[in-house]
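Engineer: Structure provided below as structure tokens; questions to follow.
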Amino acid sequence: MSHFNFFKVLEKDNKELIHSAFISYLLDNNKNFRKQFIHENIEDFDVSELEKSYSYKKTKIRIDIELRSKDRKHIIFIENKFKSFPTNKQLKNYNIVFNNKFDKSLKLKKILFCFDKSIIRFETDWEIFDYKDLLEFLQQDYKSEKINDENIFVKHYISFLGNYIETYKNLKSNCNHLFNSNLNKDEKFWVRLLNSQIAIEFEKKFNDQCFDFHINPGNTSIPLLNIIPKHWKDKIKEEVLIQLQGNNLKFYLHSNNKEAAEKLIRYCETKIWNKNIELKKLTKRKQNSCFIFKTKLTENLDNNFTYKELYELIINFYSKINEIITNYK
């Protein structure tokens, strides 16, 4: 059991839809899950549905799980975030659509599943559970040694989910091995999750400022995080951002305006605060984007650095650049 696992063999263990389907199975087949875990006492529900889409004006959403009572008076919505953490903006967009799409007489119950509920520090009317909560419920509810297909299936799920939660706990004290260029599939999963965590904690810390976050955009071979402060563009008149990718932390310019890039690079020449920072060398080559300066995580942090140390480095990097841009002329 410790070596063979259905989900691992099929390489479905980190697929978000698999976890949504498993939660959906529990909703449909396990009364204890409905009554004791999500505290819903309605007896008669239709079969739950996955990936339901709704829209209101230009706001489009896709909810992972929907469960409706047969009398059509109750709806449970579940948003499942296994591979990332939700932003406050995302949940607010869901609320906008729900409030305008459904009659006020309906009882809507909104539930969020994520990897670590302690990360969600913004105020919300969603009920929040994490996968540790789910694991503890399953370990208690399926503790019987009775051998049948369902028990075997659920215990395989318990086994690999427990491994994921243990790995996540260990990453808090040592995550340096994730920030290099030779990552396997599992390591990329954890980098994407940590990128999402950095974004949500960053937004909370600087809640008086406005940011866009591009978390793992596209299919880059190395997951990346772009932190885009909107007030920087107001000052520079070009899109500038912080980019975390692999071992590199960069102050980045998204523009093909060569004059703007040269001006910013020259301005930053005398502003570098750390000997480990590399300033961009001016060239004649035309570029659509470039880094202004960058530094390597491993040149700023000790070996076996923690998530907290990584996060504090990014915060300090942002604060220094913010000071430079505030005085930019």
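Simple scheme: letters A, B, ... for chains in structure tokens order, numbers from 1 for residues in each chain, numbers from 1 for ligands in the order shown.
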Contacts of region 166-179 of chain A at 7 Å or less, counting only C-alpha atoms, minus same-chain residues fewer than 5 places along, as a compact mmCIF listing (two decimals) with N, CA, C and O atoms, in the first residue's frame?

Structural biologist:
# COMPACT_ATOMS: atom_id res chain seq x y z
N GLU A 187 7.79 18.43 -8.53
CA GLU A 187 8.40 19.66 -8.03
C GLU A 187 7.76 20.90 -8.67
O GLU A 187 7.57 21.92 -8.01
N VAL A 191 6.10 24.24 -6.86
CA VAL A 191 6.49 25.62 -7.18
C VAL A 191 5.25 26.44 -7.54
O VAL A 191 5.09 27.58 -7.09
N GLY A 246 12.55 30.11 -11.30
CA GLY A 246 13.73 29.33 -10.98
C GLY A 246 14.54 29.98 -9.88
O GLY A 246 14.00 30.41 -8.86
N ASN A 247 15.83 30.12 -10.13
CA ASN A 247 16.73 30.71 -9.14
C ASN A 247 16.83 32.23 -9.28
O ASN A 247 17.60 32.86 -8.57
N ASN A 304 19.33 25.46 2.09
CA ASN A 304 18.15 24.95 2.80
C ASN A 304 17.28 26.07 3.35
O ASN A 304 16.82 26.03 4.49
N PHE A 305 17.07 27.11 2.52
CA PHE A 305 16.26 28.24 3.00
C PHE A 305 14.80 27.84 3.11
O PHE A 305 14.29 26.94 2.46
N THR A 306 14.12 28.56 4.00
CA THR A 306 12.71 28.29 4.29
C THR A 306 11.81 29.14 3.39
O THR A 306 12.26 30.11 2.76
N TYR A 307 10.53 28.77 3.36
CA TYR A 307 9.57 29.58 2.61
C TYR A 307 9.52 31.00 3.16
O TYR A 307 9.46 31.97 2.40

Engineer: Near Tyr131 (chain A), counting only C-alpha atoms, which residues have an atom at most 10 Å away, once you skip same-chain residues fewer than 2 positions from it, shown as a PyMOL selection string?

Structural biologist: chain A and resi 19+81-82+113-117+129+133-137+161-162+164-165

Engineer: Go ahead and write the residues just picked, C-alpha atoms, as a CSV table (one decimal), in the first residue's frame.

Structural biologist:
chain,number,residue,atom,x,y,z
A,19,HIS,CA,-10.0,15.9,-6.4
A,81,LYS,CA,-8.2,24.9,-5.3
A,82,PHE,CA,-5.8,22.0,-5.1
A,113,PHE,CA,-11.5,23.8,-0.6
A,114,CYS,CA,-7.8,24.8,-0.7
A,115,PHE,CA,-4.5,23.3,0.3
A,116,ASP,CA,-4.1,25.4,3.5
A,117,LYS,CA,-6.9,27.5,4.9
A,129,PHE,CA,-12.0,23.9,4.3
A,133,ASP,CA,-9.6,18.7,7.2
A,134,LEU,CA,-10.7,16.3,4.4
A,135,LEU,CA,-7.9,13.9,5.3
A,136,GLU,CA,-8.9,13.8,9.0
A,137,PHE,CA,-12.5,13.2,8.1
A,161,LEU,CA,-3.2,12.8,0.1
A,162,GLY,CA,-1.4,12.2,3.4
A,164,TYR,CA,1.0,15.5,-0.2
A,165,ILE,CA,0.2,17.2,3.1

Engineer: Residues within 7 Å of Ser53 (chain A), please, as a short mmCIF file (atom, residue, chain, number, x, y, z; two decimals) with N, CA and C atoms, in the first residue's frame. Count only C-alpha atoms; anything in the same chain fewer than 5 positions from it doesn't count.

Structural biologist:
data_model
loop_
_atom_site.label_atom_id
_atom_site.label_comp_id
_atom_site.auth_asym_id
_atom_site.auth_seq_id
_atom_site.Cartn_x
_atom_site.Cartn_y
_atom_site.Cartn_z
N ILE A 61 -17.46 32.83 -14.83
CA ILE A 61 -16.90 31.96 -13.80
C ILE A 61 -17.17 30.50 -14.16
N ARG A 62 -16.38 29.63 -13.59
CA ARG A 62 -16.64 28.19 -13.70
C ARG A 62 -16.46 27.60 -12.31
N ILE A 63 -17.56 27.10 -11.78
CA ILE A 63 -17.54 26.54 -10.43
C ILE A 63 -17.24 25.04 -10.53
#

Engineer: Using DSSP on the backbone coordinates, identify the residues of region 126-165 of chain A assigned to alpha helix (DSSP H); present them as an mmCIF file with N, CA and C atoms, in the first residue's frame.

Structural biologist:
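Just written: selection-v4.cif:
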data_model
loop_
_atom_site.group_PDB
_atom_site.id
_atom_site.type_symbol
_atom_site.label_atom_id
_atom_site.label_comp_id
_atom_site.auth_asym_id
_atom_site.auth_seq_id
_atom_site.Cartn_x
_atom_site.Cartn_y
_atom_site.Cartn_z
ATOM 1 N N TYR A 131 -7.373 20.592 2.715
ATOM 2 C CA TYR A 131 -7.230 19.160 2.479
ATOM 3 C C TYR A 131 -6.797 18.388 3.722
ATOM 4 N N LYS A 132 -6.253 19.083 4.685
ATOM 5 C CA LYS A 132 -5.980 18.429 5.969
ATOM 6 C C LYS A 132 -7.292 18.100 6.669
ATOM 7 N N ASP A 133 -8.265 19.015 6.608
ATOM 8 C CA ASP A 133 -9.601 18.735 7.158
ATOM 9 C C ASP A 133 -10.199 17.498 6.497
ATOM 10 N N LEU A 134 -10.097 17.445 5.166
ATOM 11 C CA LEU A 134 -10.661 16.312 4.429
ATOM 12 C C LEU A 134 -9.964 15.016 4.819
ATOM 13 N N LEU A 135 -8.639 15.053 4.928
ATOM 14 C CA LEU A 135 -7.892 13.859 5.298
ATOM 15 C C LEU A 135 -8.320 13.338 6.668
ATOM 16 N N GLU A 136 -8.467 14.234 7.625
ATOM 17 C CA GLU A 136 -8.859 13.816 8.975
ATOM 18 C C GLU A 136 -10.257 13.208 8.973
ATOM 19 N N PHE A 137 -11.172 13.777 8.187
ATOM 20 C CA PHE A 137 -12.511 13.201 8.086
ATOM 21 C C PHE A 137 -12.451 11.794 7.498
ATOM 22 N N LEU A 138 -11.720 11.626 6.415
ATOM 23 C CA LEU A 138 -11.650 10.332 5.743
ATOM 24 C C LEU A 138 -11.008 9.277 6.634
ATOM 25 N N GLN A 139 -9.962 9.657 7.341
ATOM 26 C CA GLN A 139 -9.291 8.696 8.232
ATOM 27 C C GLN A 139 -10.229 8.204 9.322
ATOM 28 N N GLN A 140 -11.129 9.066 9.767
ATOM 29 C CA GLN A 140 -12.084 8.680 10.811
ATOM 30 C C GLN A 140 -13.256 7.914 10.221
ATOM 31 N N ASP A 141 -13.771 8.373 9.084
ATOM 32 C CA ASP A 141 -14.986 7.795 8.528
ATOM 33 C C ASP A 141 -14.742 6.459 7.824
ATOM 34 N N ASP A 149 -14.521 -2.601 -2.586
ATOM 35 C CA ASP A 149 -13.956 -1.706 -3.605
ATOM 36 C C ASP A 149 -13.890 -0.262 -3.114
ATOM 37 N N GLU A 150 -14.967 0.192 -2.455
ATOM 38 C CA GLU A 150 -14.986 1.585 -2.003
ATOM 39 C C GLU A 150 -13.906 1.842 -0.959
ATOM 40 N N ASN A 151 -13.776 0.973 0.018
ATOM 41 C CA ASN A 151 -12.771 1.155 1.059
ATOM 42 C C ASN A 151 -11.357 1.171 0.482
ATOM 43 N N ILE A 152 -11.095 0.261 -0.457
ATOM 44 C CA ILE A 152 -9.774 0.223 -1.092
ATOM 45 C C ILE A 152 -9.514 1.528 -1.840
ATOM 46 N N PHE A 153 -10.512 1.964 -2.596
ATOM 47 C CA PHE A 153 -10.391 3.201 -3.371
ATOM 48 C C PHE A 153 -10.117 4.396 -2.453
ATOM 49 N N VAL A 154 -10.915 4.550 -1.407
ATOM 50 C CA VAL A 154 -10.771 5.696 -0.504
ATOM 51 C C VAL A 154 -9.443 5.629 0.242
ATOM 52 N N LYS A 155 -9.019 4.438 0.635
ATOM 53 C CA LYS A 155 -7.757 4.335 1.381
ATOM 54 C C LYS A 155 -6.546 4.647 0.504
ATOM 55 N N HIS A 156 -6.642 4.376 -0.787
ATOM 56 C CA HIS A 156 -5.576 4.805 -1.706
ATOM 57 C C HIS A 156 -5.551 6.332 -1.783
ATOM 58 N N TYR A 157 -6.733 6.927 -1.788
ATOM 59 C CA TYR A 157 -6.804 8.390 -1.798
ATOM 60 C C TYR A 157 -6.218 8.953 -0.504
ATOM 61 N N ILE A 158 -6.584 8.385 0.619
ATOM 62 C CA ILE A 158 -6.054 8.819 1.914
ATOM 63 C C ILE A 158 -4.530 8.732 1.927
ATOM 64 N N SER A 159 -4.001 7.645 1.385
ATOM 65 C CA SER A 159 -2.557 7.414 1.408
ATOM 66 C C SER A 159 -1.799 8.499 0.653
ATOM 67 N N PHE A 160 -2.207 8.773 -0.584
ATOM 68 C CA PHE A 160 -1.436 9.746 -1.342
ATOM 69 C C PHE A 160 -1.708 11.171 -0.877
ATOM 70 N N LEU A 161 -2.948 11.446 -0.392
ATOM 71 C CA LEU A 161 -3.235 12.780 0.124
ATOM 72 C C LEU A 161 -2.401 13.058 1.369
ATOM 73 N N GLY A 162 -2.253 12.054 2.221
ATOM 74 C CA GLY A 162 -1.401 12.210 3.398
ATOM 75 C C GLY A 162 0.033 12.532 3.019
ATOM 76 N N ASN A 163 0.539 11.908 1.953
ATOM 77 C CA ASN A 163 1.899 12.195 1.487
ATOM 78 C C ASN A 163 2.024 13.640 1.007
ATOM 79 N N TYR A 164 1.005 14.128 0.310
ATOM 80 C CA TYR A 164 1.033 15.513 -0.173
ATOM 81 C C TYR A 164 1.062 16.500 0.992
ATOM 82 N N ILE A 165 0.236 16.252 1.983
ATOM 83 C CA ILE A 165 0.168 17.164 3.126
ATOM 84 C C ILE A 165 1.479 17.155 3.903
#

Engineer: Pick the closest to Trp126 (chain A) from A:Lys185, A:Lys92, A:Lys143, A:Lys280: which is it, counting only C-alpha atoms?

Structural biologist: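 Of A:Lys185, A:Lys92, A:Lys143, A:Lys280, the one nearest Trp126 (chain A) is A:Lys92, counting only C-alpha atoms.
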